[in-house]
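Step one of this worksheet: look at the structure below.
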Amino acid sequence: MLIRLIYVSKVVDSQSSQLSESILKKAHAWNTENDITGVLCEGQGVFLQALEGERGAVTRLYSRISADPRHTDLELIHCESITERHYGEWSMAHVSLSDVDPQTKIVWPEFNPYSASGLLVMTRIAELIAQGRTVTNAAA
Ligand SMILES: Cc1cc2nc3c(=O)[nH]c(=O)nc-3n(C[C@H](O)[C@H](O)[C@H](O)COP(=O)(O)O)c2cc1C
């Protein structure tokens, strides 16, 4: 059974660009091997990550990520059974929230993932991906 899980957390270290590089490297290797796909949005002090894959694999990964001391205040935003992946092209896409163009319609400063519903968060992520330029694949 496939599931999609989304959580938000706060970055512990301010060196978040180096941190996300090392996370994405690890994520690409492990996620590819375990058929996990997803997107990691990072910036403005938060991580917002969607994970998709077999329920057991996602649960194991989420449990490992939850124990990672490089972030804190982790909150589960959304979890559902799915028949189709949203992020199937990416072992872990990366969206840098700091790079989001202020001219775009996406207003991240007014968007607090800690109080938003899972559906709204998924819509926001889809909007970011639709811009294309902010997404890089961990495989690259
Ligand atoms: C925000 C965040 C997202 C992460 N995403 C992934 C991921 O998608 N896949 C992965 O294998 N590790 C991910 N990690 C790294 C794991 O937490 C963990 O460090 C890594 O899997 C190595 O685990 P181990 O030291 O127990 O082997 C992430 C870490 C953080 C802080």
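Every chain in the structure tokens takes a letter, A first, then B, and so on in the order presented; its residues are numbered from 1, and the ligands are numbered from 1 following the presented order.
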
I'd like the neighbourhood of region 24-38 of chain A as a ChimeraX atom specification, where a residue qualifies if any of its atoms comes within 12 Å (using only C-alpha atoms), though same-chain residues fewer than 2 positions away should be ignored. /A:2-7,16-22,40-42,48-62,64-65,84-95,122,125-126,129,135-140

Just to be explicit: take each residue in the selection above, keep C-alpha atoms, and write the result as a PDB file, in the first residue's frame.
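For reference, selection_38.pdb as written:
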ATOM      1  CA  LEU A   2       1.286   3.417  -1.012  1.00  0.00           C
ATOM      2  CA  ILE A   3       1.063   6.439   1.284  1.00  0.00           C
ATOM      3  CA  ARG A   4       1.999  10.100   1.198  1.00  0.00           C
ATOM      4  CA  LEU A   5       3.168  11.789   4.378  1.00  0.00           C
ATOM      5  CA  ILE A   6       3.937  15.474   4.903  1.00  0.00           C
ATOM      6  CA  TYR A   7       5.574  17.072   7.916  1.00  0.00           C
ATOM      7  CA  SER A  16      20.734  25.151   6.135  1.00  0.00           C
ATOM      8  CA  SER A  17      22.004  25.196   2.555  1.00  0.00           C
ATOM      9  CA  GLN A  18      24.970  22.949   3.411  1.00  0.00           C
ATOM     10  CA  LEU A  19      22.676  20.860   5.527  1.00  0.00           C
ATOM     11  CA  SER A  20      20.141  20.337   2.786  1.00  0.00           C
ATOM     12  CA  GLU A  21      22.946  19.366   0.395  1.00  0.00           C
ATOM     13  CA  SER A  22      24.061  16.583   2.708  1.00  0.00           C
ATOM     14  CA  LEU A  40      11.996  18.768   0.447  1.00  0.00           C
ATOM     15  CA  CYS A  41      11.178  22.468   0.719  1.00  0.00           C
ATOM     16  CA  GLU A  42      13.722  24.321   2.773  1.00  0.00           C
ATOM     17  CA  LEU A  48       8.642  21.029   4.735  1.00  0.00           C
ATOM     18  CA  GLN A  49       8.911  17.520   3.353  1.00  0.00           C
ATOM     19  CA  ALA A  50       6.575  15.190   1.495  1.00  0.00           C
ATOM     20  CA  LEU A  51       7.426  11.491   1.369  1.00  0.00           C
ATOM     21  CA  GLU A  52       5.685   8.936  -0.839  1.00  0.00           C
ATOM     22  CA  GLY A  53       6.186   5.212  -1.028  1.00  0.00           C
ATOM     23  CA  GLU A  54       5.222   1.861   0.468  1.00  0.00           C
ATOM     24  CA  ARG A  55       3.731   2.405   3.906  1.00  0.00           C
ATOM     25  CA  GLY A  56       6.403   0.384   5.690  1.00  0.00           C
ATOM     26  CA  ALA A  57       9.271   2.168   3.948  1.00  0.00           C
ATOM     27  CA  VAL A  58       7.784   5.626   4.574  1.00  0.00           C
ATOM     28  CA  THR A  59       7.129   4.792   8.236  1.00  0.00           C
ATOM     29  CA  ARG A  60      10.705   3.588   8.750  1.00  0.00           C
ATOM     30  CA  LEU A  61      12.133   6.655   7.043  1.00  0.00           C
ATOM     31  CA  TYR A  62       9.872   9.070   8.921  1.00  0.00           C
ATOM     32  CA  ARG A  64      14.577   7.963  11.306  1.00  0.00           C
ATOM     33  CA  ILE A  65      14.021  11.541  10.163  1.00  0.00           C
ATOM     34  CA  GLU A  84      -0.776   7.774  -7.555  1.00  0.00           C
ATOM     35  CA  ARG A  85       2.349   9.656  -6.588  1.00  0.00           C
ATOM     36  CA  HIS A  86       2.517  13.452  -6.870  1.00  0.00           C
ATOM     37  CA  TYR A  87       6.310  13.561  -6.846  1.00  0.00           C
ATOM     38  CA  GLY A  88       7.067  10.355  -8.755  1.00  0.00           C
ATOM     39  CA  GLU A  89       9.826  11.957 -10.844  1.00  0.00           C
ATOM     40  CA  TRP A  90      12.013  12.779  -7.867  1.00  0.00           C
ATOM     41  CA  SER A  91      13.903  10.638  -5.373  1.00  0.00           C
ATOM     42  CA  MET A  92      13.798  13.922  -3.447  1.00  0.00           C
ATOM     43  CA  ALA A  93      13.112  17.183  -5.233  1.00  0.00           C
ATOM     44  CA  HIS A  94      14.491  20.284  -3.592  1.00  0.00           C
ATOM     45  CA  VAL A  95      12.660  23.572  -3.403  1.00  0.00           C
ATOM     46  CA  MET A 122       0.008  20.276  -0.865  1.00  0.00           C
ATOM     47  CA  ILE A 125       4.007  22.681  -2.883  1.00  0.00           C
ATOM     48  CA  ALA A 126       2.312  22.089  -6.249  1.00  0.00           C
ATOM     49  CA  ILE A 129       6.836  22.864  -8.414  1.00  0.00           C
ATOM     50  CA  VAL A 135      13.086  22.461  -8.212  1.00  0.00           C
ATOM     51  CA  THR A 136      16.247  20.424  -8.519  1.00  0.00           C
ATOM     52  CA  ASN A 137      16.401  16.693  -8.412  1.00  0.00           C
ATOM     53  CA  ALA A 138      18.637  15.035  -5.875  1.00  0.00           C
ATOM     54  CA  ALA A 139      19.720  12.789  -8.733  1.00  0.00           C
ATOM     55  CA  ALA A 140      21.333  15.722 -10.544  1.00  0.00           C
TER      56      ALA A 140
END

| Per DSSP on the backbone, what are the helix (DSSP H, G or I) residues of chain A, as a count of residues only? | 49

Q: Looking only at strand (DSSP E) from DSSP on the backbone, list the matching residues of chain A as a PyMOL selection string.
A: chain A and resi 2-11+37-43+46-54+71-82+93-96+135-137

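Across the model, the gap from atom 30 (C, counted along the ligand's line) of ligand 1 to CA of Asn112 (chain A) is 19.3 Å.
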
Closest of A:Gln44, A:Thr83, A:Ser66, A:Ile77 to Leu120 (chain A), counting only C-alpha atoms, is A:Ile77

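Distance check against His78 (chain A) using only C-alpha atoms: of A:Ala130, A:Val12, A:Ala116, A:Val39, the minimum falls on A:Ala116.
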
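In this model, the gap between CA of Asp73 (chain A) and CA of Gly45 (chain A) comes to 11.5 Å.
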
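Distances from A:Val8, A:Ile23, A:Leu74, A:Ile82 to ligand 1 were compared using only C-alpha atoms and all ligand atoms, and the smallest one belongs to A:Ile23.
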
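Nearest residue to Arg124 (chain A), choosing from A:Arg70, A:Phe111, A:Gly43, A:Leu76 and counting only C-alpha atoms: A:Phe111.
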
What separates atom 5 (N, counted along the ligand's line) of ligand 1 and CA of Val46 (chain A) is a distance of 13.0 Å

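Counting only C-alpha atoms and all ligand atoms and comparing A:Thr72, A:Ser81, A:Ser117, A:Gln131, the residue that lies closest to ligand 1 is A:Thr72.
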